[in-house]
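K.L.:
Okay, so here is data_11.cif, and as you'll see once you scroll down, it has mmCIF, C-alpha atoms and all ligand atoms.
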data_entry
loop_
_atom_site.label_atom_id
_atom_site.label_comp_id
_atom_site.auth_asym_id
_atom_site.auth_seq_id
_atom_site.Cartn_x
_atom_site.Cartn_y
_atom_site.Cartn_z
CA MET A 1 55.50 -24.17 14.01
CA SER A 2 57.84 -26.84 15.31
CA LYS A 3 57.46 -30.56 14.97
CA ASN A 4 56.97 -30.89 18.73
CA LYS A 5 53.62 -29.21 18.66
CA ILE A 6 52.00 -32.25 17.15
CA SER A 7 53.88 -34.88 19.04
CA SER A 8 51.82 -34.67 22.19
CA SER A 9 50.11 -38.04 22.12
CA LYS A 10 51.57 -41.45 21.54
CA PHE A 11 49.73 -41.78 18.27
CA ASP A 12 50.97 -38.46 17.00
CA LYS A 13 54.49 -39.65 17.63
CA TYR A 14 53.75 -42.83 15.80
CA LEU A 15 52.58 -40.84 12.83
CA GLN A 16 55.69 -38.79 12.75
CA GLU A 17 58.01 -41.69 12.14
CA GLU A 18 59.36 -40.40 8.89
CA GLU A 19 59.01 -43.61 6.98
CA PHE A 20 57.00 -46.06 8.93
CA PHE A 21 58.73 -49.13 7.65
CA LEU A 22 62.26 -48.10 7.06
CA LYS A 23 62.67 -47.47 10.77
CA ASP A 24 62.48 -51.18 11.27
CA LYS A 25 64.26 -52.35 8.17
CA LYS A 26 64.51 -56.04 9.02
CA LYS A 27 60.85 -56.35 9.83
CA TYR A 28 59.98 -54.38 6.73
CA ARG A 29 62.02 -56.65 4.47
CA LYS A 30 60.38 -59.70 5.99
CA GLN A 31 56.94 -58.21 5.44
CA ARG A 32 57.79 -57.36 1.85
CA LYS A 33 59.00 -60.89 1.28
CA GLN A 34 55.80 -62.33 2.69
CA LYS A 35 53.71 -59.91 0.68
CA SER A 36 55.62 -60.70 -2.46
CA LYS A 37 55.02 -64.42 -1.93
CA LEU A 38 51.31 -63.76 -1.65
CA ASP A 39 51.08 -61.15 -4.34
CA ARG A 40 50.03 -62.92 -7.50
CA SER A 41 49.40 -59.59 -9.16
CA LYS A 42 53.07 -59.38 -10.00
CA TYR A 43 52.63 -62.42 -12.21
CA LYS A 44 49.74 -60.77 -13.94
CA LYS A 45 50.56 -59.01 -17.13
CA THR A 46 50.27 -55.28 -16.66
CA ASP A 47 48.28 -53.35 -19.23
CA LEU A 48 51.53 -52.20 -20.74
CA GLN A 49 52.79 -55.72 -21.35
CA LYS A 50 49.50 -56.58 -22.99
CA GLN A 51 49.89 -53.78 -25.48
CA LYS A 52 51.64 -54.50 -28.71
CA LYS A 53 54.74 -52.38 -28.87
CA VAL A 54 55.24 -50.79 -32.23
CA LEU A 55 58.73 -49.45 -32.69
CA PRO A 56 58.86 -45.89 -33.97
CA LYS A 57 59.62 -45.45 -37.61
CA THR A 58 61.23 -42.13 -36.93
CA ASN A 59 64.55 -42.93 -35.27
CA HIS A 60 66.33 -40.13 -37.08
CA PHE A 61 64.21 -37.38 -35.51
CA LYS A 62 65.15 -35.49 -32.37
CA LYS A 63 63.94 -37.05 -29.17
CA GLY A 64 62.21 -34.75 -26.68
CA LEU A 65 60.27 -35.00 -23.43
CA VAL A 66 56.72 -33.65 -23.02
CA LEU A 67 56.72 -31.24 -20.07
CA SER A 68 53.17 -29.90 -20.24
CA ILE A 69 50.09 -29.92 -22.43
CA PHE A 70 47.40 -27.28 -22.43
CA GLY A 71 44.95 -27.65 -25.27
CA GLU A 72 46.94 -27.33 -28.46
CA GLU A 73 49.92 -25.94 -26.57
CA ILE A 74 52.50 -28.70 -26.07
CA ASN A 75 55.74 -27.86 -24.32
CA VAL A 76 58.63 -30.21 -25.16
CA ARG A 77 62.14 -30.25 -23.78
CA PHE A 78 64.99 -31.07 -26.14
CA ASN A 79 68.68 -30.41 -25.48
CA LYS A 80 67.86 -28.46 -22.31
CA LYS A 81 65.72 -26.01 -24.34
CA HIS A 82 61.94 -25.79 -24.37
CA PHE A 83 60.00 -25.86 -27.66
CA ARG A 84 56.35 -25.23 -28.33
CA CYS A 85 55.19 -28.11 -30.45
CA SER A 86 52.15 -29.16 -32.39
CA LEU A 87 51.00 -32.68 -33.09
CA ARG A 88 51.36 -34.17 -36.60
CA GLY A 89 47.89 -34.49 -38.11
CA LEU A 90 48.33 -38.20 -38.71
CA LEU A 91 48.76 -38.85 -35.00
CA LYS A 92 45.53 -37.00 -34.28
CA LYS A 93 43.63 -39.30 -36.57
CA GLU A 94 44.78 -42.53 -34.91
CA LYS A 95 41.78 -44.33 -33.48
CA THR A 96 42.40 -45.50 -29.93
CA LYS A 97 40.47 -46.02 -26.73
CA ASN A 98 42.36 -43.09 -25.24
CA LYS A 99 40.84 -39.69 -24.60
CA ASN A 100 44.21 -38.01 -25.04
CA ILE A 101 46.81 -39.03 -27.61
CA LEU A 102 49.70 -37.47 -25.76
CA ALA A 103 50.49 -37.16 -22.06
CA VAL A 104 53.03 -35.47 -19.84
CA GLY A 105 56.12 -37.67 -19.58
CA ASP A 106 55.83 -38.90 -23.17
CA ARG A 107 59.10 -39.25 -25.06
CA VAL A 108 58.47 -37.91 -28.53
CA PHE A 109 60.21 -37.70 -31.88
CA ILE A 110 60.18 -34.14 -33.15
CA THR A 111 61.29 -31.97 -36.04
CA ILE A 112 62.14 -28.33 -35.33
CA LYS A 113 61.82 -25.38 -37.72
CA ASN A 114 62.26 -21.76 -36.60
CA ASP A 115 62.02 -22.75 -32.94
CA GLN A 116 58.63 -24.42 -33.55
CA GLY A 117 58.41 -28.15 -33.20
CA VAL A 118 56.22 -30.82 -34.72
CA ILE A 119 55.67 -34.12 -32.90
CA GLU A 120 56.07 -36.87 -35.48
CA ASP A 121 55.77 -39.95 -33.28
CA ILE A 122 55.50 -41.11 -29.69
CA GLU A 123 57.84 -43.65 -28.13
CA PRO A 124 56.20 -46.73 -26.56
CA ARG A 125 55.46 -46.03 -22.91
CA VAL A 126 56.91 -48.01 -20.03
CA SER A 127 54.16 -47.06 -17.60
CA ILE A 128 50.80 -45.29 -17.65
CA LEU A 129 48.72 -43.73 -14.91
CA SER A 130 45.18 -43.42 -16.17
CA ARG A 131 41.55 -43.42 -15.16
CA THR A 132 38.23 -43.77 -16.91
CA ASP A 133 36.60 -40.80 -18.53
CA GLU A 134 33.06 -41.78 -17.62
CA LYS A 135 31.39 -39.42 -20.09
CA ARG A 136 33.29 -40.58 -23.14
CA LYS A 137 33.97 -44.13 -21.93
CA LYS A 138 37.61 -43.68 -22.80
CA GLN A 139 40.94 -43.98 -21.06
CA SER A 140 42.05 -40.64 -19.70
CA ILE A 141 45.84 -40.73 -19.38
CA ILE A 142 47.13 -38.70 -16.44
CA ALA A 143 50.87 -39.15 -16.98
CA VAL A 144 53.28 -41.69 -18.48
CA ASN A 145 56.78 -43.15 -18.09
CA ILE A 146 56.61 -42.88 -14.31
CA ASP A 147 58.38 -44.95 -11.66
CA GLN A 148 56.14 -44.18 -8.72
CA VAL A 149 52.76 -42.69 -7.96
CA LEU A 150 52.70 -40.48 -4.88
CA ILE A 151 49.06 -40.98 -3.95
CA THR A 152 48.41 -37.68 -2.23
CA SER A 153 45.75 -37.55 0.46
CA SER A 154 45.15 -35.32 3.45
CA ILE A 155 44.14 -36.26 6.96
CA ASP A 156 41.27 -33.79 6.61
CA GLN A 157 40.19 -30.82 4.44
CA PRO A 158 39.42 -32.54 2.07
CA ARG A 159 38.25 -35.64 3.90
CA PHE A 160 40.51 -38.70 4.01
CA LYS A 161 39.19 -41.39 1.63
CA PRO A 162 40.68 -44.89 2.02
CA PHE A 163 38.59 -46.28 -0.87
CA LEU A 164 40.11 -43.75 -3.21
CA ILE A 165 43.57 -44.80 -2.08
CA ASP A 166 42.78 -48.42 -2.95
CA ARG A 167 41.68 -47.35 -6.42
CA TYR A 168 44.93 -45.53 -6.91
CA ILE A 169 46.92 -48.52 -5.67
CA ILE A 170 45.23 -50.78 -8.22
CA ALA A 171 45.67 -48.29 -11.07
CA THR A 172 49.33 -47.96 -10.08
CA HIS A 173 49.96 -51.71 -10.24
CA LYS A 174 47.98 -52.02 -13.46
CA GLY A 175 49.98 -49.26 -15.06
CA ASN A 176 53.34 -50.80 -14.07
CA MET A 177 54.33 -48.37 -11.32
CA HIS A 178 55.04 -48.39 -7.60
CA PRO A 179 52.59 -46.80 -5.12
CA ILE A 180 53.57 -44.59 -2.17
CA ILE A 181 50.86 -43.14 0.05
CA LEU A 182 51.31 -39.52 1.12
CA ILE A 183 49.16 -38.30 4.00
CA ASN A 184 49.49 -34.55 4.17
CA LYS A 185 48.10 -32.02 6.67
CA ILE A 186 48.92 -34.05 9.77
CA ASP A 187 48.94 -30.71 11.56
CA LEU A 188 45.14 -31.07 11.51
CA LEU A 189 45.28 -34.29 13.50
CA LYS A 190 44.78 -32.50 16.78
CA LYS A 191 41.49 -31.08 15.48
CA LEU A 192 40.01 -34.49 14.65
CA LYS A 193 37.40 -36.13 16.83
CA LEU A 194 38.54 -39.26 18.66
CA LYS A 195 36.53 -41.53 16.37
CA GLU A 196 38.10 -40.01 13.28
CA LYS A 197 41.55 -40.32 14.83
CA GLN A 198 40.92 -43.99 15.52
CA LYS A 199 39.75 -44.59 11.97
CA PHE A 200 42.89 -43.00 10.71
CA GLN A 201 45.09 -44.97 13.10
CA ASN A 202 43.40 -48.14 11.89
CA PHE A 203 44.15 -47.26 8.27
CA ILE A 204 47.84 -46.77 9.02
CA LYS A 205 48.00 -50.07 10.87
CA ILE A 206 46.34 -52.03 8.06
CA TYR A 207 48.30 -50.56 5.19
CA LYS A 208 51.56 -50.75 7.07
CA LYS A 209 50.93 -54.44 7.64
CA LEU A 210 50.19 -54.90 3.94
CA GLY A 211 53.63 -53.48 3.18
CA TYR A 212 52.73 -50.12 1.66
CA LYS A 213 55.02 -47.20 2.18
CA ILE A 214 53.29 -44.29 3.88
CA LEU A 215 54.69 -40.83 4.48
CA ALA A 216 52.97 -38.62 7.03
CA LEU A 217 53.54 -35.00 6.08
CA SER A 218 52.66 -31.45 6.88
CA PHE A 219 53.46 -28.77 4.39
CA LYS A 220 52.25 -26.22 6.92
CA GLU A 221 54.44 -27.37 9.78
CA LYS A 222 57.27 -28.70 7.60
CA VAL A 223 57.00 -32.29 8.76
CA GLY A 224 58.43 -35.16 6.71
CA LEU A 225 59.60 -33.01 3.80
CA ASN A 226 63.13 -34.46 3.85
CA SER A 227 61.76 -37.98 3.61
CA LEU A 228 59.60 -36.91 0.70
CA LEU A 229 62.54 -35.47 -1.18
CA LYS A 230 64.50 -38.62 -0.43
CA VAL A 231 61.89 -40.92 -2.01
CA MET A 232 61.69 -38.65 -5.06
CA LYS A 233 65.42 -38.58 -5.74
CA ASN A 234 66.46 -40.14 -9.06
CA LYS A 235 62.92 -41.29 -9.73
CA THR A 236 60.09 -40.03 -11.88
CA SER A 237 57.17 -39.45 -9.53
CA VAL A 238 53.66 -38.25 -10.15
CA PHE A 239 51.61 -36.52 -7.46
CA SER A 240 47.96 -37.41 -7.89
CA GLY A 241 44.90 -37.22 -5.65
CA GLN A 242 41.87 -35.14 -4.70
CA SER A 243 41.95 -31.40 -5.24
CA GLY A 244 43.19 -29.45 -2.23
CA THR A 245 45.26 -32.20 -0.60
CA GLY A 246 48.39 -30.08 -1.10
CA LYS A 247 50.13 -31.61 -4.11
CA SER A 248 51.44 -28.35 -5.54
CA SER A 249 52.28 -27.00 -2.06
CA LEU A 250 54.39 -30.08 -1.28
CA ILE A 251 56.25 -29.91 -4.59
CA ASN A 252 56.95 -26.21 -4.06
CA ALA A 253 58.24 -26.94 -0.57
CA VAL A 254 60.68 -29.68 -1.56
CA LEU A 255 61.78 -28.44 -5.00
CA HIS A 256 61.52 -24.66 -4.48
CA THR A 257 59.23 -24.33 -7.49
CA LYS A 258 56.48 -21.74 -7.87
CA LEU A 259 53.53 -23.88 -8.89
CA LYS A 260 50.19 -22.21 -8.34
CA THR A 261 48.41 -23.17 -5.11
CA GLY A 262 45.10 -21.98 -3.74
CA SER A 263 42.78 -22.00 -0.79
CA LEU A 264 39.94 -24.45 -0.26
CA ILE A 265 36.25 -23.81 -0.87
CA LYS A 266 35.13 -22.17 2.38
CA LYS A 267 32.06 -24.14 3.37
CA THR A 268 32.99 -27.61 2.17
CA TYR A 269 36.78 -27.60 2.72
CA LYS A 270 37.10 -29.20 -0.69
CA GLY A 271 39.82 -28.20 -3.15
CA ALA A 272 39.09 -25.47 -5.68
CA HIS A 273 40.83 -27.23 -8.60
CA ILE A 274 43.69 -24.77 -8.72
CA THR A 275 46.07 -26.81 -10.89
CA THR A 276 44.56 -27.11 -14.34
CA LYS A 277 47.33 -28.80 -16.30
CA SER A 278 49.86 -31.51 -15.56
CA GLU A 279 53.40 -30.29 -15.46
CA LEU A 280 56.71 -32.09 -15.35
CA VAL A 281 59.44 -30.56 -13.21
CA GLU A 282 63.08 -31.59 -13.23
CA ILE A 283 64.66 -32.28 -9.84
CA LYS A 284 68.08 -30.63 -9.69
CA THR A 285 69.56 -33.48 -7.67
CA GLY A 286 68.22 -36.08 -10.13
CA GLY A 287 64.81 -37.30 -11.23
CA PHE A 288 61.55 -35.74 -12.32
CA CYS A 289 58.23 -35.04 -10.73
CA ILE A 290 54.81 -34.36 -12.20
CA ASP A 291 52.14 -32.18 -10.63
CA THR A 292 48.62 -33.00 -11.79
CA PRO A 293 45.16 -31.45 -11.42
CA GLY A 294 43.09 -32.79 -8.54
CA ILE A 295 40.57 -35.47 -9.45
CA LYS A 296 36.87 -35.59 -8.58
CA SER A 297 36.39 -39.33 -8.96
CA PHE A 298 38.62 -42.20 -9.90
CA GLY A 299 37.28 -45.01 -12.05
CA ILE A 300 39.97 -47.58 -12.86
CA TRP A 301 40.30 -48.05 -16.59
CA ASP A 302 39.36 -51.48 -17.96
CA LEU A 303 39.04 -53.20 -14.60
CA LYS A 304 37.65 -56.70 -15.06
CA ILE A 305 35.46 -58.18 -12.32
CA GLU A 306 37.51 -61.36 -12.19
CA ASP A 307 40.77 -59.42 -11.81
CA ILE A 308 39.76 -57.30 -8.82
CA LYS A 309 40.48 -59.95 -6.19
CA ASP A 310 44.05 -60.33 -7.45
CA TYR A 311 44.77 -56.79 -6.32
CA PHE A 312 43.62 -57.58 -2.78
CA PHE A 313 46.55 -59.91 -2.35
CA GLU A 314 45.91 -60.52 1.35
CA PHE A 315 42.80 -62.53 0.34
CA LYS A 316 44.96 -65.11 -1.43
CA LYS A 317 45.84 -67.22 1.56
CA PHE A 318 42.17 -67.98 2.28
CA LYS A 319 41.49 -70.66 -0.28
CA ASN A 320 38.74 -73.19 -0.99
CA CYS A 321 35.56 -71.15 -1.15
CA LYS A 322 32.65 -73.43 -2.09
CA TYR A 323 32.55 -71.99 -5.59
CA GLU A 324 35.75 -71.66 -7.56
CA ASN A 325 34.62 -68.37 -9.09
CA CYS A 326 33.34 -67.02 -5.75
CA LEU A 327 33.21 -63.23 -5.71
CA HIS A 328 32.98 -63.27 -1.90
CA LEU A 329 29.70 -61.37 -1.85
CA GLU A 330 26.64 -63.38 -0.88
CA GLU A 331 27.86 -66.85 -1.82
CA PRO A 332 27.59 -69.62 0.84
CA ASN A 333 30.66 -71.17 2.44
CA CYS A 334 32.92 -68.33 1.50
CA LYS A 335 36.37 -68.47 3.10
CA ILE A 336 36.91 -64.73 2.72
CA LYS A 337 33.71 -63.99 4.62
CA GLU A 338 34.87 -66.42 7.32
CA ALA A 339 38.23 -64.68 7.51
CA LEU A 340 36.41 -61.35 7.73
CA ASP A 341 34.29 -62.61 10.64
CA LYS A 342 37.43 -63.78 12.42
CA LYS A 343 38.99 -60.36 11.73
CA LYS A 344 41.77 -61.94 9.69
CA ILE A 345 40.88 -59.61 6.84
CA SER A 346 40.17 -55.97 7.63
CA SER A 347 36.62 -54.77 7.08
CA LEU A 348 38.01 -51.57 5.58
CA ARG A 349 39.75 -53.47 2.80
CA PHE A 350 36.83 -55.84 2.32
CA ASP A 351 34.34 -52.98 2.00
CA SER A 352 36.64 -51.34 -0.51
CA TYR A 353 36.88 -54.62 -2.48
CA ARG A 354 33.11 -55.02 -2.40
CA SER A 355 32.47 -51.49 -3.64
CA LEU A 356 34.79 -52.08 -6.59
CA ILE A 357 33.13 -55.39 -7.45
CA LYS A 358 29.65 -53.87 -7.26
CA GLU A 359 30.71 -50.98 -9.44
CA ALA A 360 32.26 -53.32 -12.01
CA ILE A 361 29.10 -55.47 -12.04
CA ASP A 362 26.92 -52.37 -12.55
CA LYS A 363 29.15 -51.16 -15.34
CA LYS A 364 28.97 -54.51 -17.09
CA ARG A 365 25.22 -54.55 -16.74
CA THR A 366 24.75 -51.06 -18.20
CA SER A 367 27.18 -51.69 -21.04
CA ASN A 368 25.23 -54.83 -21.96
CA TYR A 369 22.12 -52.69 -22.35
CA GLU A 370 23.81 -50.04 -24.46
N1 LIG B 1 46.64 -27.20 7.21
C1 LIG B 1 47.36 -27.48 6.13
N2 LIG B 1 47.04 -26.93 4.95
C2 LIG B 1 47.79 -27.29 3.87
C3 LIG B 1 48.87 -28.19 3.95
N3 LIG B 1 49.36 -28.36 2.71
C4 LIG B 1 48.65 -27.58 1.88
N4 LIG B 1 47.71 -26.92 2.57
C5 LIG B 1 46.73 -25.95 2.05
O1 LIG B 1 45.78 -26.63 1.22
C6 LIG B 1 45.33 -25.76 0.19
C7 LIG B 1 45.45 -26.46 -1.15
O2 LIG B 1 46.81 -26.68 -1.49
P1 LIG B 1 47.31 -26.96 -2.97
O3 LIG B 1 48.76 -27.23 -2.90
O4 LIG B 1 46.85 -25.90 -3.90
O5 LIG B 1 46.50 -28.31 -3.26
P2 LIG B 1 46.51 -29.22 -4.61
O6 LIG B 1 46.46 -30.64 -4.17
O7 LIG B 1 47.64 -28.84 -5.48
O8 LIG B 1 45.11 -28.82 -5.24
P3 LIG B 1 44.65 -28.86 -6.82
O9 LIG B 1 45.69 -28.16 -7.61
O10 LIG B 1 43.34 -28.14 -6.81
O11 LIG B 1 44.51 -30.31 -7.15
C8 LIG B 1 46.21 -24.50 0.30
O12 LIG B 1 45.47 -23.52 0.97
C9 LIG B 1 47.38 -24.95 1.12
O13 LIG B 1 47.97 -23.90 1.86
C10 LIG B 1 49.19 -28.73 5.23
O14 LIG B 1 50.12 -29.52 5.42
N5 LIG B 1 48.39 -28.37 6.26
MG MG B 2 47.72 -28.19 -7.43
ZN ZN B 3 34.44 -66.53 -1.40
#
So that I can check it, write out the structure of this file as structure tokens.
P.N.:
Amino acid sequence: MSKNKISSSKFDKYLQEEEFFLKDKKKYRKQRKQKSKLDRSKYKKTDLQKQKKVLPKTNHFKKGLVLSIFGEEINVRFNKKHFRCSLRGLLKKEKTKNKNILAVGDRVFITIKNDQGVIEDIEPRVSILSRTDEKRKKQSIIAVNIDQVLITSSIDQPRFKPFLIDRYIIATHKGNMHPIILINKIDLLKKLKLKEKQKFQNFIKIYKKLGYKILALSFKEKVGLNSLLKVMKNKTSVFSGQSGTGKSSLINAVLHTKLKTGSLIKKTYKGAHITTKSELVEIKTGGFCIDTPGIKSFGIWDLKIEDIKDYFFEFKKFKNCKYENCLHLEEPNCKIKEALDKKKISSLRFDSYRSLIKEAIDKKRTSNYE
């Protein structure tokens, strides 16, 4: 199907601007500058900076790159060859808050014997995308050493979830990476009810104003794929999001890979969790990309109540709440609530902020009782 089919209305056209901001570069730069001035989160230490970096003791070993992990099966690339590796027992015994010791994207020190490798040590990571494993109360590492997270959503099937996108944005900043929002399946736009369309239009407007890069895509109708490849070039990107949003389909389309894809669950239009392991793919023209399994829920690892407001950087300019430690919930004389009433802060972002705060408060409460 051609691009024109979905460009019937003004809004559809608006969506098809390949990169919303780059079209208007000057304005974009100005917005970024303003955002950067307001964004205190860049002065915050990321989780990575907080970690003590221990230099590997194993400099003389061969240095490989972890391409995929499936149970005990670890696939490492060294010297353009792939080796099946196991993990040195000592590493397994290390006590950490992490659910998984190793992740795709890890740079590892290995020894090789008869084409079998042993991972002796792991290089300190420069960035980590992770979430909370609620059952085990541990950090579940999705991928590491990444430049940018391609937060993959779909306009529908599965349903578009702005709150989830905010969670990803925070986890991305926390883990020392750059977020890019992918909105796939824009071919389904014409099927949406007017109210849904308006909600979606509102999202684009708000996030564009905040300075986030958004790519509107359709794997099915081949919309925006060149822009996607362009942002991936010479970068390490990870595709992450709900199951069924089209992560593997998009990677296959731009990199000509043969990652497994699958249809949605019939009644619910939810994803069927087709991808079961993360996999790193090399981009021939430069860079890497990681496909990951779809997630069911996204709890941000180690998110402190008092830190949440820093990630909603547009709140910063509204100072002087009555209480210095105001959480902007039910407190009197709250400047954020005032700004919300005057529509200077979007209710979408505020509701997202509030849900994170409430969740963090609940978590703290339950952990105090444990
Ligand atoms: N209508 C429409 N369907 C799409 C589009 N992109 C992908 N799909 C379909 O969505 C379904 C799921 O695609 P996948 O690529 O397997 O999704 P995924 O995000 O990798 O899913 P998991 O591996 O389960 O996390 C498939 O049936 C695709 O054909 C699109 O742009 N439009
Ligand atoms: Mg997949
Ligand atoms: Zn307040």
K.L.:
My list of candidates is A:Ile300, A:Leu150, A:Ile295, A:Ile361. Which is closest to Lys174 (chain A) when distances are computed with all atoms listed in the file?
P.N.:
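Comparing A:Ile300, A:Leu150, A:Ile295, A:Ile361 against Lys174 (chain A), the winner is A:Ile300.
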K.L.:
How would you write, as a list in words, the set of residues no farther than 10 Å from ligand MG 2 (chain B) when counting all atoms listed in the file?
P.N.:
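My answer, listing the contacting residues, is Phe239, Ser240, Gly241, Gln242, Ser243, Gly244, Thr245, Gly246, Lys247, Ser248, Ser249, Leu250, Ile251, Leu259, Lys260, Thr261, Gly262, Gly271, Ala272, His273, Ile274, Thr275, Thr276, Lys277, Ser278, Asp291, Thr292, Pro293 and Gly294 of chain A.
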K.L.:
If you count all atoms listed in the file, which residues fall within 7 Å of region 122-137 of chain A, apart from same-chain ones fewer than 6 positions away, as a list in words?
P.N.:
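My list of contacting residues is Leu48, Lys53, Pro56, Asp106, Arg107, Val108, Phe109, Ala143, Val144, Asn145, Ile146, Ala171, Thr172, Gly175, Asn176, Met177, Phe298, Gly299, Ile300 and Trp301 of chain A.
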K.L.:
Taking only C-alpha atoms and all ligand atoms into account, report as a VMD selection string which residues have an atom no farther than 6 Å from an atom of ligand ZN 3 (chain B).
P.N.:
chain A and resid 321 326 to 328 334 to 336
K.L.:
What would the file look like if the residues just selected were written as a compact mmCIF listing (two decimals), keeping the file's coordinate frame with C-alpha atoms?
P.N.:
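See again_19.txt below for the written result:
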# COMPACT_ATOMS: atom_id res chain seq x y z
CA CYS A 321 35.56 -71.15 -1.15
CA CYS A 326 33.34 -67.02 -5.75
CA LEU A 327 33.21 -63.23 -5.71
CA HIS A 328 32.98 -63.27 -1.90
CA CYS A 334 32.92 -68.33 1.50
CA LYS A 335 36.37 -68.47 3.10
CA ILE A 336 36.91 -64.73 2.72
K.L.:
If you take every atom of ligand LIG 1 (chain B) that the file lists and fit an axis-aligned box around them with 6 Å extra on each side, what centre and edge lengths come out in Å to one decimal, as JSON?
P.N.:
{"center_x": 46.7, "center_y": -27.1, "center_z": -0.2, "size_x": 18.8, "size_y": 19.1, "size_z": 26.8}
K.L.:
State, in Å with one decimal place, the distance from CA of Ser218 (chain A) to CA of Ile183 (chain A).
P.N.:
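Between these atoms lies a distance of 8.2 Å.
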K.L.:
Counting all atoms listed in the file, which of A:Lys209, A:Lys337, A:Lys222, A:Lys267 gets nearest to ligand LIG 1 (chain B)?
P.N.:
A:Lys222
K.L.:
Tell me which of A:Lys343, A:Lys358, A:Lys220, A:Lys322 sits closest to ligand LIG 1 (chain B), counting only C-alpha atoms and all ligand atoms.
P.N.:
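For ligand LIG 1 (chain B), the nearest of the given residues is A:Lys220.
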K.L.:
One decimal, in Å: what's the spacing between CA of Lys208 (chain A) and CA of Lys235 (chain A)?
P.N.:
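According to the coordinates, CA of Lys208 (chain A) and CA of Lys235 (chain A) are separated by 22.4 Å.
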K.L.:
What is the distance between CA of Arg77 (chain A) and CA of Lys63 (chain A), in Å to one decimal?
P.N.:
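That distance, rounded to one decimal, is 8.9 Å.
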